[in-house]
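Raw contents of query_22.txt, compact mmCIF, C-alpha atoms and all ligand atoms:
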# COMPACT_ATOMS: atom_id res chain seq x y z
CA MET A 1 8.74 67.64 -3.73
CA GLN A 2 6.86 65.95 -6.51
CA LEU A 3 8.52 62.90 -8.13
CA PRO A 4 8.89 62.86 -11.88
CA SER A 5 6.13 60.78 -13.36
CA ASN A 6 8.48 58.14 -14.84
CA THR A 7 10.04 57.20 -11.49
CA LEU A 8 9.07 53.77 -10.29
CA THR A 9 7.91 53.58 -6.73
CA PRO A 10 9.51 50.63 -4.95
CA THR A 11 7.16 47.82 -4.11
CA ARG A 12 7.50 45.27 -1.36
CA GLU A 13 8.64 41.90 -2.65
CA SER A 14 5.89 39.38 -2.35
CA PRO A 15 6.00 35.61 -2.89
CA ILE A 16 4.40 34.34 -6.04
CA ASP A 17 0.82 33.65 -5.17
CA VAL A 18 -0.06 30.00 -5.70
CA ASN A 19 -3.56 29.01 -4.95
CA PRO A 20 -3.84 25.72 -3.11
CA PHE A 21 -4.80 22.89 -5.41
CA THR A 22 -5.90 19.30 -5.03
CA VAL A 23 -4.13 16.24 -6.43
CA ARG A 24 -6.00 12.97 -6.68
CA LEU A 25 -4.04 9.70 -6.64
CA ASN A 26 -5.04 6.13 -7.39
CA MET A 27 -2.62 3.41 -6.27
CA HIS A 28 -2.85 0.30 -8.44
CA GLY A 29 -1.83 -3.36 -7.95
CA ASP A 30 -0.48 -4.13 -4.52
CA LEU A 31 0.69 -0.56 -3.78
CA ASP A 32 -2.35 -0.46 -1.46
CA PHE A 33 -0.14 -2.40 0.92
CA PHE A 34 1.68 0.82 1.82
CA LEU A 35 -1.42 2.89 2.53
CA ARG A 36 -3.22 3.38 5.81
CA SER A 37 -6.04 0.86 6.02
CA GLY A 38 -8.65 3.63 5.66
CA ALA A 39 -7.04 4.85 2.42
CA ARG A 40 -6.98 1.49 0.64
CA GLY A 41 -9.07 0.92 -2.46
CA ARG A 42 -10.10 4.55 -2.86
CA THR A 43 -8.87 7.75 -4.46
CA ILE A 44 -6.48 9.69 -2.23
CA GLU A 45 -6.81 13.47 -2.24
CA ARG A 46 -3.89 15.65 -1.24
CA SER A 47 -3.89 19.40 -0.99
CA LEU A 48 -0.73 21.21 -2.18
CA SER A 49 0.16 24.88 -2.08
CA GLU A 50 3.32 24.87 -4.19
CA LYS A 51 4.93 23.03 -7.08
CA THR A 52 5.81 19.56 -5.80
CA SER A 53 7.53 16.62 -7.51
CA VAL A 54 5.20 13.74 -8.16
CA LYS A 55 7.70 11.50 -6.35
CA ASP A 56 7.30 13.51 -3.14
CA VAL A 57 3.52 13.45 -3.42
CA ILE A 58 3.54 9.65 -3.83
CA GLU A 59 5.99 9.09 -0.97
CA ALA A 60 3.92 11.35 1.30
CA CYS A 61 1.16 8.74 0.85
CA GLY A 62 3.58 6.09 2.19
CA VAL A 63 4.65 4.44 -1.08
CA PRO A 64 8.46 4.26 -1.56
CA HIS A 65 9.54 5.32 -5.07
CA PRO A 66 11.40 2.05 -5.92
CA GLU A 67 8.00 0.35 -5.73
CA VAL A 68 6.61 2.58 -8.49
CA ASP A 69 7.06 1.53 -12.11
CA LEU A 70 4.73 3.87 -13.96
CA ILE A 71 3.11 7.22 -13.19
CA LEU A 72 0.42 8.75 -15.36
CA VAL A 73 -0.49 12.39 -14.69
CA ASN A 74 -3.73 13.28 -16.45
CA GLY A 75 -3.16 10.24 -18.65
CA GLU A 76 0.42 11.05 -19.65
CA PRO A 77 3.49 9.11 -18.41
CA VAL A 78 5.93 11.21 -16.33
CA ASP A 79 9.26 10.80 -14.51
CA PHE A 80 9.65 11.02 -10.74
CA ASP A 81 10.86 14.64 -10.89
CA TYR A 82 7.80 15.88 -12.77
CA GLY A 83 6.51 18.97 -10.93
CA ILE A 84 2.79 19.15 -10.22
CA VAL A 85 1.60 22.75 -10.32
CA GLY A 86 -2.17 22.44 -10.45
CA GLY A 87 -4.99 20.01 -9.86
CA ALA A 88 -4.12 16.65 -11.36
CA ASP A 89 -5.19 13.02 -11.52
CA VAL A 90 -2.28 10.70 -10.80
CA GLU A 91 -2.35 6.97 -11.51
CA VAL A 92 0.45 5.02 -9.84
CA TYR A 93 1.39 1.47 -10.88
CA PRO A 94 3.83 -1.05 -9.34
CA ALA A 95 6.18 -3.22 -11.39
CA GLY A 96 4.47 -6.25 -12.88
CA LYS A 97 1.37 -7.01 -14.83
CA SER A 98 -0.57 -3.88 -13.96
CA SER A 99 2.13 -1.61 -15.46
CA THR A 100 3.30 -3.76 -18.38
CA GLN A 101 -0.15 -3.46 -19.96
CA PHE A 102 1.04 0.07 -20.91
CA LYS A 103 3.61 0.46 -23.66
CA TYR A 104 5.21 3.46 -21.98
CA LYS A 105 8.75 3.81 -20.71
CA HIS A 106 8.91 2.26 -17.26
CA LEU A 107 10.62 3.71 -14.21
CA GLN A 108 12.00 0.45 -12.82
CA VAL A 109 14.48 -1.99 -14.30
CA THR A 110 14.06 -5.75 -14.08
CA THR A 111 17.58 -6.57 -15.21
CA ILE A 112 19.22 -6.50 -11.79
CA ILE A 113 20.09 -9.95 -10.45
CA LYS A 114 22.32 -8.91 -7.54
CA PHE A 115 20.96 -7.81 -4.18
CA VAL A 116 21.85 -6.41 -0.81
CA ALA A 117 19.54 -7.35 2.07
CA ASP A 118 19.08 -5.54 5.36
CA GLY A 119 19.68 -7.23 8.72
CA HIS A 120 16.03 -8.22 9.21
CA LEU A 121 15.91 -10.45 6.14
CA GLY A 122 18.30 -13.09 7.45
CA ARG A 123 16.00 -15.96 6.49
CA LEU A 124 15.34 -14.75 2.96
CA VAL A 125 19.07 -14.50 2.19
CA PRO A 126 19.97 -18.25 2.27
CA ASN A 127 16.85 -19.00 0.21
CA LEU A 128 17.97 -16.66 -2.56
CA ARG A 129 21.54 -17.96 -2.38
CA LEU A 130 20.22 -21.54 -2.56
CA LEU A 131 18.67 -20.55 -5.89
CA GLY A 132 22.02 -19.16 -7.05
CA PHE A 133 21.44 -15.43 -6.52
CA ASP A 134 24.17 -13.09 -5.36
CA VAL A 135 22.96 -11.50 -2.11
CA ALA A 136 25.28 -9.33 -0.02
CA TYR A 137 24.31 -9.57 3.64
CA ASP A 138 25.84 -8.40 6.89
CA PRO A 139 23.43 -8.49 9.84
CA ARG A 140 25.37 -5.67 11.51
CA ALA A 141 25.40 -3.34 8.49
CA GLU A 142 24.23 0.22 9.15
CA ASP A 143 21.92 1.94 6.67
CA ARG A 144 24.84 3.91 5.20
CA GLN A 145 26.77 0.69 4.49
CA LEU A 146 23.74 -0.91 2.85
CA LEU A 147 23.32 2.10 0.57
CA ASN A 148 27.04 2.13 -0.27
CA THR A 149 27.02 -1.55 -1.20
CA MET A 150 23.88 -0.99 -3.26
CA GLU A 151 25.38 1.93 -5.17
CA HIS A 152 28.92 0.71 -5.70
CA GLU A 153 28.05 -2.88 -6.59
CA ASN A 154 24.91 -2.08 -8.57
CA ARG A 155 22.65 -4.16 -6.34
CA ALA A 156 18.94 -3.87 -5.66
CA LEU A 157 18.10 -3.11 -2.03
CA LEU A 158 15.84 -5.58 -0.22
CA THR A 159 14.45 -4.11 2.98
CA ARG A 160 11.34 -3.84 5.13
CA ASP A 161 12.46 -0.40 6.28
CA ARG A 162 10.24 1.95 4.33
CA ARG A 163 12.25 5.08 5.21
CA LEU A 164 15.44 3.45 3.94
CA LEU A 165 13.75 2.46 0.68
CA MET A 166 12.61 6.07 0.25
CA HIS A 167 16.21 7.34 0.44
CA ALA A 168 17.00 9.49 -2.60
CA VAL A 169 19.98 7.36 -3.71
CA VAL A 170 17.89 4.19 -4.01
CA LYS A 171 17.13 3.45 -7.64
CA THR A 172 16.12 -0.18 -7.42
CA GLY A 173 14.72 -1.92 -4.39
CA TYR A 174 11.89 -3.96 -3.01
CA TYR A 175 9.94 -4.24 0.23
CA PRO A 176 8.94 -7.88 0.81
CA ARG A 177 5.28 -7.87 1.79
CA SER A 178 5.27 -11.21 3.55
CA GLN A 179 7.16 -11.94 6.76
CA ASN A 180 7.61 -15.57 5.69
CA ALA A 181 10.96 -16.29 4.02
CA ASP A 182 9.61 -18.71 1.38
CA GLU A 183 6.87 -16.28 0.39
CA GLN A 184 9.39 -13.43 0.31
CA THR A 185 11.56 -15.54 -2.01
CA VAL A 186 8.69 -15.98 -4.46
CA GLU A 187 7.94 -12.25 -4.27
CA VAL A 188 11.55 -11.32 -5.13
CA ILE A 189 11.64 -13.79 -8.03
CA ARG A 190 8.45 -12.28 -9.43
CA ARG A 191 9.43 -8.64 -8.88
CA PHE A 192 12.79 -9.02 -10.63
CA ASP A 193 11.65 -11.61 -13.17
CA LEU A 194 14.26 -14.10 -12.00
CA PHE A 195 12.54 -17.33 -12.88
CA ARG A 196 14.78 -17.97 -15.88
CA SER A 197 17.93 -17.17 -13.90
CA LEU A 198 17.54 -19.83 -11.20
CA ALA A 199 20.80 -21.75 -10.69
CA PRO A 200 20.24 -23.91 -7.58
CA PHE A 201 23.17 -25.20 -5.54
CA THR A 202 25.79 -22.99 -7.20
CA ARG A 203 26.39 -20.48 -4.38
CA CYS A 204 27.53 -20.72 -0.77
CA LEU A 205 24.64 -20.23 1.67
CA ARG A 206 27.07 -18.94 4.28
CA CYS A 207 29.24 -16.41 2.48
CA ASN A 208 27.63 -15.87 -0.96
CA ALA A 209 30.70 -16.92 -3.00
CA PRO A 210 30.24 -19.29 -5.98
CA LEU A 211 30.76 -23.03 -5.48
CA GLN A 212 33.02 -25.13 -7.67
CA ASP A 213 33.08 -28.88 -8.25
CA VAL A 214 35.87 -30.62 -6.44
CA SER A 215 37.01 -34.24 -6.63
CA LYS A 216 36.50 -36.51 -3.64
CA ILE A 217 40.22 -37.09 -3.36
CA GLU A 218 40.86 -33.38 -2.81
CA VAL A 219 38.56 -33.17 0.20
CA ILE A 220 38.60 -36.70 1.59
CA GLU A 221 40.72 -35.74 4.58
CA ARG A 222 38.05 -33.34 5.76
CA LEU A 223 35.09 -35.75 5.51
CA GLU A 224 33.38 -37.66 8.28
CA PRO A 225 33.73 -41.47 7.95
CA LEU A 226 30.12 -42.03 6.79
CA THR A 227 30.26 -39.16 4.32
CA LYS A 228 33.38 -40.75 2.83
CA ILE A 229 31.45 -43.99 2.30
CA TYR A 230 28.13 -42.69 1.00
CA TYR A 231 28.94 -39.64 -1.12
CA ASP A 232 31.03 -39.08 -4.21
CA LYS A 233 30.07 -35.62 -5.44
CA PHE A 234 31.35 -32.54 -3.69
CA ARG A 235 31.48 -28.81 -4.17
CA ARG A 236 33.73 -26.36 -2.43
CA CYS A 237 33.03 -22.70 -1.70
CA THR A 238 35.52 -20.45 -3.48
CA GLY A 239 35.16 -17.95 -0.62
CA CYS A 240 35.07 -19.70 2.76
CA ASP A 241 36.21 -23.18 1.65
CA HIS A 242 33.11 -24.88 3.10
CA ILE A 243 32.40 -28.25 1.49
CA TYR A 244 28.93 -29.13 0.23
CA TRP A 245 27.56 -32.52 -0.75
CA PRO A 246 24.04 -33.89 -1.31
CA GLY A 247 23.64 -35.05 2.29
CA SER A 248 20.59 -35.44 4.47
CA HIS A 249 19.75 -31.72 4.38
CA PHE A 250 19.84 -31.86 0.59
CA SER A 251 16.44 -33.50 0.16
CA LYS A 252 14.93 -30.88 2.48
CA LEU A 253 16.46 -28.12 0.39
CA GLN A 254 15.25 -29.76 -2.79
CA LYS A 255 11.72 -29.96 -1.41
CA ARG A 256 11.84 -26.28 -0.50
CA LEU A 257 13.18 -25.50 -3.96
CA GLN A 258 10.38 -27.48 -5.62
CA GLN A 259 7.80 -25.63 -3.55
CA ILE A 260 9.27 -22.23 -4.47
CA ARG A 261 9.30 -23.21 -8.16
CA ALA A 262 5.71 -24.41 -7.97
CA ASP A 263 4.61 -21.17 -6.24
CA CYS A 264 6.41 -19.05 -8.82
CA ALA A 265 4.89 -21.01 -11.70
CA SER A 266 1.37 -20.80 -10.30
CA LEU A 267 1.63 -17.04 -9.90
CA SER A 268 3.36 -16.18 -13.17
ZN ZN B 1 31.35 -19.79 1.53
As structure tokens, how would this structure be written, given the file I've shared?
Amino acid sequence: MQLPSNTLTPTRESPIDVNPFTVRLNMHGDLDFFLRSGARGRTIERSLSEKTSVKDVIEACGVPHPEVDLILVNGEPVDFDYGIVGGADVEVYPAGKSSTQFKYKHLQVTTIIKFVADGHLGRLVPNLRLLGFDVAYDPRAEDRQLLNTMEHENRALLTRDRRLLMHAVVKTGYYPRSQNADEQTVEVIRRFDLFRSLAPFTRCLRCNAPLQDVSKIEVIERLEPLTKIYYDKFRRCTGCDHIYWPGSHFSKLQKRLQQIRADCASLS
């Protein structure tokens, strides 16, 4: 039987054909740190066969999104969820000088002054607390707990676990490049523009709670005989009740503080 001429013949469904295309990326500033050594200092080419968010393309190169402050696709600033559908040139900038030269909207905030640190940054934590910064830290915390603390307390995540920093819920975070605690401290101060917020000796190095001045008479019972004789100024932790005074360790801390300040100033 012959079909009427206006009857449509069914066709097999076929996926939308997308021709493979090439995306070229240039990582600026110190984002090179996250690349394989062979990929540093050169344009990275990636071949894609479907629409892909620029965030996924960048992370596939090894760069966690919280490290990225500005993305230009073919010269235009875009958000992380911008979908790349054809050949494109992508310029990727970290927070700091290299991105602030552009007057575009930036992807990272610098207004966060509270942090949560992962269990491998145990030596950075007291440094930041010494400078007065609020750093949540539990060496036994699992990744899930770190992310919860970050989200619910509006903290920036400090970690050297790249996969964790790439987690979708992370908005603000930083991967300390150095493995040295003093250098990491300077890095964090620079990344979050904290230089004007330094408040040394105002926070407990042990538990992170603020310190308050306390009169000698209130704590005299708890002091060693020589401390009673030589010191008159005391602070008490509002969290764990530990007593602080400018004892022998104080000059060491002050020296470390001076060094950190000098390093920050020389780099700013
Ligand atoms: Zn304390």
Enumerate as a CSV table (one decimal) with C-alpha atoms, in the frame of the given file the residues within 7 Å of ligand ZN 1 (chain B), counting all atoms listed in the file.
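Written output follows (out_38.csv):
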chain,number,residue,atom,x,y,z
A,204,CYS,CA,27.5,-20.7,-0.8
A,205,LEU,CA,24.6,-20.2,1.7
A,206,ARG,CA,27.1,-18.9,4.3
A,207,CYS,CA,29.2,-16.4,2.5
A,208,ASN,CA,27.6,-15.9,-1.0
A,209,ALA,CA,30.7,-16.9,-3.0
A,237,CYS,CA,33.0,-22.7,-1.7
A,238,THR,CA,35.5,-20.4,-3.5
A,239,GLY,CA,35.2,-18.0,-0.6
A,240,CYS,CA,35.1,-19.7,2.8
A,241,ASP,CA,36.2,-23.2,1.6
A,242,HIS,CA,33.1,-24.9,3.1
Could you tell me how far atom CA of Gly62 of chain A lies from atom CA of Gly83 of chain A, in Å and to one decimal? 18.6 Å
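If you look at atom CA of Gln108 of chain A and atom CA of Lys171 of chain A, they are 7.9 Å away from each other.
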Can you list every residue of segment 29-147 of chain A that has an atom at most 10 Å from segment 249-261 of chain A, with its nearest atom pair and the distance in Å to one decimal, using only C-alpha atoms, ordered by chain then number, as JSON lines?
{"residue": "A:Asn127", "atom": "CA", "partner": "A:Leu257", "partner_atom": "CA", "distance": 8.6}
{"residue": "A:Leu130", "atom": "CA", "partner": "A:Leu253", "partner_atom": "CA", "distance": 8.1}
{"residue": "A:Leu131", "atom": "CA", "partner": "A:Leu257", "partner_atom": "CA", "distance": 7.6}
Atoms kept (C-alpha atoms) for selection, written as a PDB file, keeping the file's coordinate frame:
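What ended up in part_29.pdb:
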ATOM      1  CA  ASN A 127      16.850 -19.000   0.210  1.00  0.00           C
ATOM      2  CA  LEU A 130      20.220 -21.540  -2.560  1.00  0.00           C
ATOM      3  CA  LEU A 131      18.670 -20.550  -5.890  1.00  0.00           C
TER       4      LEU A 131
END
Find the residues near Leu48 of chain A: any atom within 10 Å, counting all atoms listed in the file, skip ones fewer than 3 places away on the same chain, and give them as a PyMOL selection string. chain A and resi 18-23+45+51-52+57+84-87
Place a sphere of radius 12 Å on (22.6, -12.5, -1.8) in the file coordinates and name every protein, DNA or RNA residue with an atom inside or on its surface, counting all atoms listed in the file; give the answer as a VMD selection string. chain A and resid 113 to 118 121 to 138 149 to 150 155 to 158 185 188 203 to 210
Work out how far apart atom CA of Gly173 of chain A and atom CA of Val63 of chain A are and give it in Å to one decimal.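 That distance, rounded to one decimal, is 12.4 Å.
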